[in-house]
$ cat query25.cif   # mmCIF, C-alpha atoms
data_protein
loop_
_atom_site.label_atom_id
_atom_site.label_comp_id
_atom_site.auth_asym_id
_atom_site.auth_seq_id
_atom_site.Cartn_x
_atom_site.Cartn_y
_atom_site.Cartn_z
CA MET A 1214 72.10 249.66 89.92
CA SER A 1215 73.20 251.91 87.07
CA PHE A 1216 73.26 255.55 86.15
CA SER A 1217 73.13 257.39 82.86
CA ILE A 1218 74.92 260.43 81.59
CA VAL A 1219 73.37 262.38 78.77
CA PHE A 1220 75.87 264.18 76.56
CA PRO A 1221 75.16 267.10 74.20
CA PHE A 1222 73.19 266.18 71.09
CA GLY A 1223 71.30 263.45 72.96
CA PHE A 1224 74.04 260.81 73.21
CA CYS A 1225 73.56 258.78 76.37
CA TYR A 1226 75.85 256.32 78.10
CA THR A 1227 74.71 254.11 80.92
CA PHE A 1228 77.27 253.03 83.49
CA GLY A 1229 76.54 249.97 85.54
CA MET A 1230 78.02 248.96 88.85
CA THR A 1231 79.96 246.30 86.95
CA ASP A 1232 81.73 249.08 85.03
CA LEU A 1233 82.83 250.83 88.22
CA ALA A 1234 83.77 247.50 89.80
CA GLN A 1235 86.43 247.25 87.08
CA LEU A 1236 88.03 250.53 88.19
CA VAL A 1237 91.71 250.19 89.06
CA VAL A 1238 93.54 252.86 91.06
CA ARG A 1239 97.29 252.46 90.64
CA PRO A 1240 100.60 254.28 90.41
CA ALA A 1241 101.48 255.67 86.99
CA THR A 1242 104.16 254.20 84.77
CA LEU A 1243 106.14 255.73 81.92
CA ASP A 1244 103.67 254.13 79.50
CA ASP A 1245 101.00 256.48 80.92
CA VAL A 1246 102.70 259.81 80.11
CA ASP A 1247 100.70 260.59 76.96
CA GLY A 1248 97.38 259.65 78.59
CA ILE A 1249 98.11 261.79 81.65
CA SER A 1250 99.11 264.74 79.47
CA LYS A 1251 95.96 264.40 77.35
CA LEU A 1252 93.69 264.24 80.43
CA ILE A 1253 95.28 267.29 82.09
CA ARG A 1254 95.18 269.29 78.84
CA SER A 1255 91.47 268.53 78.46
CA TYR A 1256 90.84 270.95 81.36
CA PRO A 1257 92.68 274.12 80.26
CA ASP A 1258 90.57 276.44 82.43
CA GLU A 1259 91.04 274.42 85.62
CA LEU A 1260 94.54 272.94 85.34
CA ILE A 1261 97.96 274.13 84.33
CA ALA A 1262 99.26 271.99 81.48
CA ARG A 1263 102.31 269.91 82.29
CA PRO A 1264 104.76 269.19 79.50
CA PRO A 1265 105.62 265.53 78.99
CA ASN A 1266 109.11 266.00 80.45
CA ASN A 1267 107.57 267.29 83.72
CA ILE A 1268 105.21 264.32 83.86
CA ILE A 1269 108.15 261.96 83.24
CA GLU A 1270 110.20 263.64 85.99
CA ASN A 1271 107.29 263.21 88.42
CA ILE A 1272 105.85 259.90 87.18
CA ASP A 1273 106.49 258.26 90.56
CA ARG A 1274 104.16 260.83 92.14
CA PHE A 1275 101.18 260.30 89.85
CA THR A 1276 98.28 258.07 90.80
CA LEU A 1277 95.75 257.03 88.16
CA ALA A 1278 92.24 255.66 87.95
CA ILE A 1279 91.88 253.27 85.02
CA LEU A 1280 88.56 252.07 83.63
CA HIS A 1281 88.42 249.78 80.58
CA ASP A 1282 92.16 250.36 79.93
CA GLU A 1283 91.66 254.13 79.79
CA ILE A 1284 93.02 256.76 82.18
CA VAL A 1285 89.88 258.39 83.55
CA ALA A 1286 91.43 260.28 86.47
CA CYS A 1287 94.81 261.39 87.72
CA ALA A 1288 96.43 263.20 90.61
CA CYS A 1289 99.99 264.07 91.51
CA TRP A 1290 101.68 265.22 94.71
CA GLN A 1291 104.70 267.30 95.62
CA ILE A 1292 106.47 267.90 98.91
CA LEU A 1293 106.72 271.61 99.67
CA PRO A 1294 109.77 272.40 101.79
CA GLU A 1295 109.21 274.31 104.98
CA ILE A 1296 112.32 276.37 105.58
CA GLY A 1297 113.50 276.13 109.16
CA ASN A 1298 110.73 273.80 110.28
CA PRO A 1299 110.86 270.35 108.65
CA ASP A 1300 108.30 269.05 111.17
CA ASN A 1301 105.70 271.28 109.52
CA THR A 1302 106.11 269.94 105.97
CA THR A 1303 103.21 270.23 103.55
CA VAL A 1304 102.42 267.97 100.61
CA GLU A 1305 100.51 269.58 97.77
CA ILE A 1306 98.09 267.49 95.74
CA GLN A 1307 98.22 268.69 92.13
CA SER A 1308 96.83 268.04 88.67
CA VAL A 1309 93.64 266.41 89.95
CA ALA A 1310 91.48 265.54 86.95
CA VAL A 1311 88.48 263.25 86.55
CA LYS A 1312 86.81 262.84 83.16
CA GLN A 1313 83.75 265.06 83.15
CA GLU A 1314 81.32 262.23 82.39
CA LEU A 1315 82.59 260.22 85.38
CA ARG A 1316 82.37 262.92 88.01
CA ARG A 1317 80.07 262.17 90.95
CA THR A 1318 80.84 258.45 90.73
CA HIS A 1319 83.34 258.46 93.64
CA ILE A 1320 86.29 257.86 91.32
CA GLY A 1321 87.85 261.13 92.50
CA THR A 1322 87.36 260.14 96.12
CA LYS A 1323 89.07 256.79 95.58
CA LEU A 1324 91.92 258.51 93.78
CA ILE A 1325 92.53 261.12 96.50
CA GLU A 1326 92.25 258.49 99.23
CA LYS A 1327 95.03 256.51 97.50
CA VAL A 1328 97.18 259.66 97.20
CA LEU A 1329 96.66 260.48 100.88
CA GLU A 1330 97.56 256.91 101.81
CA ARG A 1331 100.79 257.24 99.81
CA ILE A 1332 101.89 260.61 101.21
CA LYS A 1333 101.21 259.66 104.84
CA ALA A 1334 104.36 257.52 104.65
CA PHE A 1335 106.34 260.79 104.67
CA LYS A 1336 104.55 262.02 107.81
CA PRO A 1337 103.75 265.53 106.57
CA ALA A 1338 101.82 267.92 108.80
CA GLN A 1339 99.20 268.59 106.15
CA ALA A 1340 98.02 268.07 102.59
CA LEU A 1341 97.28 271.15 100.54
CA VAL A 1342 95.25 271.67 97.40
CA LEU A 1343 94.35 274.68 95.27
CA THR A 1344 91.02 273.89 93.67
CA PHE A 1345 87.95 275.02 91.77
CA ALA A 1346 86.03 272.16 93.46
CA PRO A 1347 86.08 273.07 97.17
CA GLY A 1348 82.90 271.09 97.86
CA PHE A 1349 84.57 267.86 96.75
CA PHE A 1350 87.60 268.37 98.97
CA ALA A 1351 85.50 269.60 101.92
CA LYS A 1352 83.69 266.24 101.90
CA MET A 1353 87.11 264.63 102.34
CA GLY A 1354 87.92 266.77 105.39
CA PHE A 1355 89.86 269.61 103.75
CA ARG A 1356 89.20 273.09 105.14
CA GLU A 1357 89.56 276.39 103.34
CA ILE A 1358 92.61 278.42 104.37
CA PRO A 1359 93.86 281.89 103.42
CA LYS A 1360 96.46 281.87 100.66
CA GLN A 1361 98.68 283.97 102.91
CA LYS A 1362 99.24 280.81 104.99
CA ILE A 1363 100.81 279.01 102.05
CA MET A 1364 103.47 281.46 100.94
CA HIS A 1365 105.86 278.54 100.30
CA LYS A 1366 103.41 277.30 97.66
CA ILE A 1367 102.86 280.77 96.21
CA TYR A 1368 106.56 281.35 95.71
CA ARG A 1369 107.27 277.82 94.61
CA GLY A 1370 104.58 277.43 91.95
CA CYS A 1371 101.85 280.05 91.69
CA ILE A 1372 104.30 282.82 90.97
CA TYR A 1373 105.03 281.18 87.60
CA CYS A 1374 101.39 280.77 86.57
CA THR A 1375 100.53 282.77 83.47
CA LYS A 1376 96.76 282.54 83.96
CA HIS A 1377 96.50 285.22 86.66
CA ALA A 1378 98.51 288.38 87.24
CA ASP A 1379 98.47 287.91 91.01
CA PRO A 1380 98.28 284.62 92.95
CA PHE A 1381 96.00 286.28 95.50
CA THR A 1382 93.39 287.17 92.88
CA CYS A 1383 93.40 283.68 91.37
CA PRO A 1384 89.92 282.17 91.87
CA GLU A 1385 91.27 278.82 93.07
CA ILE A 1386 90.47 278.06 96.70
CA ALA A 1387 93.31 277.01 99.01
CA MET A 1388 92.36 274.08 101.24
CA ALA A 1389 94.34 272.03 103.73
CA LEU A 1390 93.88 268.72 105.51
CA GLU A 1391 95.73 268.15 108.76
CA LEU A 1392 97.31 264.71 108.72
CA PRO A 1393 97.83 262.46 111.76
CA ARG A 1394 101.44 261.61 112.55
CA ASP A 1395 101.14 258.19 114.09
#
$ encode --input "query25.cif" --output "structure tokens"
Amino acid sequence: MSFSIVFPFGFCYTFGMTDLAQLVVRPATLDDVDGISKLIRSYPDELIARPPNNIIENIDRFTLAILHDEIVACACWQILPEIGNPDNTTVEIQSVAVKQELRRTHIGTKLIEKVLERIKAFKPAQALVLTFAPGFFAKMGFREIPKQKIMHKIYRGCIYCTKHADPFTCPEIAMALELPRD
């Protein structure tokens, strides 16, 4: 089984199941910083660029999907402190990017599953994401929530965003996934 993607100007690439069988989902290393930066910057309307020093500082929190020695997807996570209630800690999934031509191939699903597997070790109450792709995250069990429920995120990160004057008018959708605490 294979599928084709037609690019502008008629260029077509056919992916076979053998291509996707070579996909590796793994933690990032310092050697990946430039590739992560390049992938995130390729989506300026959807993602906030992260300078290389920020990627380096958080390299242990990045998970990558690699296909043919190329970074084709990435995601990062960050623990958001819950003042006065550490049992209700949230982990935000950030900087989720999948190369446009590889979307709808389940690479993003494999990537987020690996991130969720990693963060469950910390036993957070929920995972949070702000996204322009709510359908993708809904299929993974995330549910839309009002931004007013994530004030810790708003004041920790969104307040510094230069793309929108007000975090509550930002078109990103806030979604959360309740996590079991076995």
$ closest_residue --input "query25.cif" --among "A:Ala1278, A:Leu1293, A:Ile1269, A:Leu1252" --to "Gln1339 of chain A" --atoms "only C-alpha atoms"
A:Leu1293
$ resolve_selection --input "query25.cif" --expression "the PyMOL selection byres ((chain A and resi 1320-1327) around 10)" --output "PyMOL selection string"
chain A and resi 1233+1236-1240+1276-1280+1285-1289+1306+1309-1312+1315-1319+1328-1332+1349-1350+1352-1353
$ write_last_selection --input "query25.cif" --atoms "C-alpha atoms" --output "PDB file, in the frame of the given file"
ATOM      1  CA  LEU A1233      82.830 250.830  88.220  1.00  0.00           C
ATOM      2  CA  LEU A1236      88.030 250.530  88.190  1.00  0.00           C
ATOM      3  CA  VAL A1237      91.710 250.190  89.060  1.00  0.00           C
ATOM      4  CA  VAL A1238      93.540 252.860  91.060  1.00  0.00           C
ATOM      5  CA  ARG A1239      97.290 252.460  90.640  1.00  0.00           C
ATOM      6  CA  PRO A1240     100.600 254.280  90.410  1.00  0.00           C
ATOM      7  CA  THR A1276      98.280 258.070  90.800  1.00  0.00           C
ATOM      8  CA  LEU A1277      95.750 257.030  88.160  1.00  0.00           C
ATOM      9  CA  ALA A1278      92.240 255.660  87.950  1.00  0.00           C
ATOM     10  CA  ILE A1279      91.880 253.270  85.020  1.00  0.00           C
ATOM     11  CA  LEU A1280      88.560 252.070  83.630  1.00  0.00           C
ATOM     12  CA  VAL A1285      89.880 258.390  83.550  1.00  0.00           C
ATOM     13  CA  ALA A1286      91.430 260.280  86.470  1.00  0.00           C
ATOM     14  CA  CYS A1287      94.810 261.390  87.720  1.00  0.00           C
ATOM     15  CA  ALA A1288      96.430 263.200  90.610  1.00  0.00           C
ATOM     16  CA  CYS A1289      99.990 264.070  91.510  1.00  0.00           C
ATOM     17  CA  ILE A1306      98.090 267.490  95.740  1.00  0.00           C
ATOM     18  CA  VAL A1309      93.640 266.410  89.950  1.00  0.00           C
ATOM     19  CA  ALA A1310      91.480 265.540  86.950  1.00  0.00           C
ATOM     20  CA  VAL A1311      88.480 263.250  86.550  1.00  0.00           C
ATOM     21  CA  LYS A1312      86.810 262.840  83.160  1.00  0.00           C
ATOM     22  CA  LEU A1315      82.590 260.220  85.380  1.00  0.00           C
ATOM     23  CA  ARG A1316      82.370 262.920  88.010  1.00  0.00           C
ATOM     24  CA  ARG A1317      80.070 262.170  90.950  1.00  0.00           C
ATOM     25  CA  THR A1318      80.840 258.450  90.730  1.00  0.00           C
ATOM     26  CA  HIS A1319      83.340 258.460  93.640  1.00  0.00           C
ATOM     27  CA  VAL A1328      97.180 259.660  97.200  1.00  0.00           C
ATOM     28  CA  LEU A1329      96.660 260.480 100.880  1.00  0.00           C
ATOM     29  CA  GLU A1330      97.560 256.910 101.810  1.00  0.00           C
ATOM     30  CA  ARG A1331     100.790 257.240  99.810  1.00  0.00           C
ATOM     31  CA  ILE A1332     101.890 260.610 101.210  1.00  0.00           C
ATOM     32  CA  PHE A1349      84.570 267.860  96.750  1.00  0.00           C
ATOM     33  CA  PHE A1350      87.600 268.370  98.970  1.00  0.00           C
ATOM     34  CA  LYS A1352      83.690 266.240 101.900  1.00  0.00           C
ATOM     35  CA  MET A1353      87.110 264.630 102.340  1.00  0.00           C
TER      36      MET A1353
END
$ resolve_selection --input "query25.cif" --expression "the PyMOL selection byres ((chain A and resi 1345) around 12)" --output "list in words"
Tyr1256, Asp1258, Glu1259, Leu1260, Ser1308, Val1309, Ala1310, Val1342, Leu1343, Thr1344, Ala1346, Pro1347, Gly1348, Phe1349, Phe1350, Ala1351, Glu1357, Cys1383, Pro1384, Glu1385, Ile1386, Ala1387 and Met1388 of chain A
$ closest_residue --input "query25.cif" --among "A:Ala1262, A:Ala1334, A:Ile1363, A:Leu1341" --to "Pro1393 of chain A" --atoms "all atoms listed in the file"
A:Ala1334
$ residues_around --input "query25.cif" --residues "His1281 of chain A" --least-positions-apart "3" --cutoff "9 Å" --atoms "only C-alpha atoms" --output "PyMOL selection string"
chain A and resi 1232+1235-1236+1284
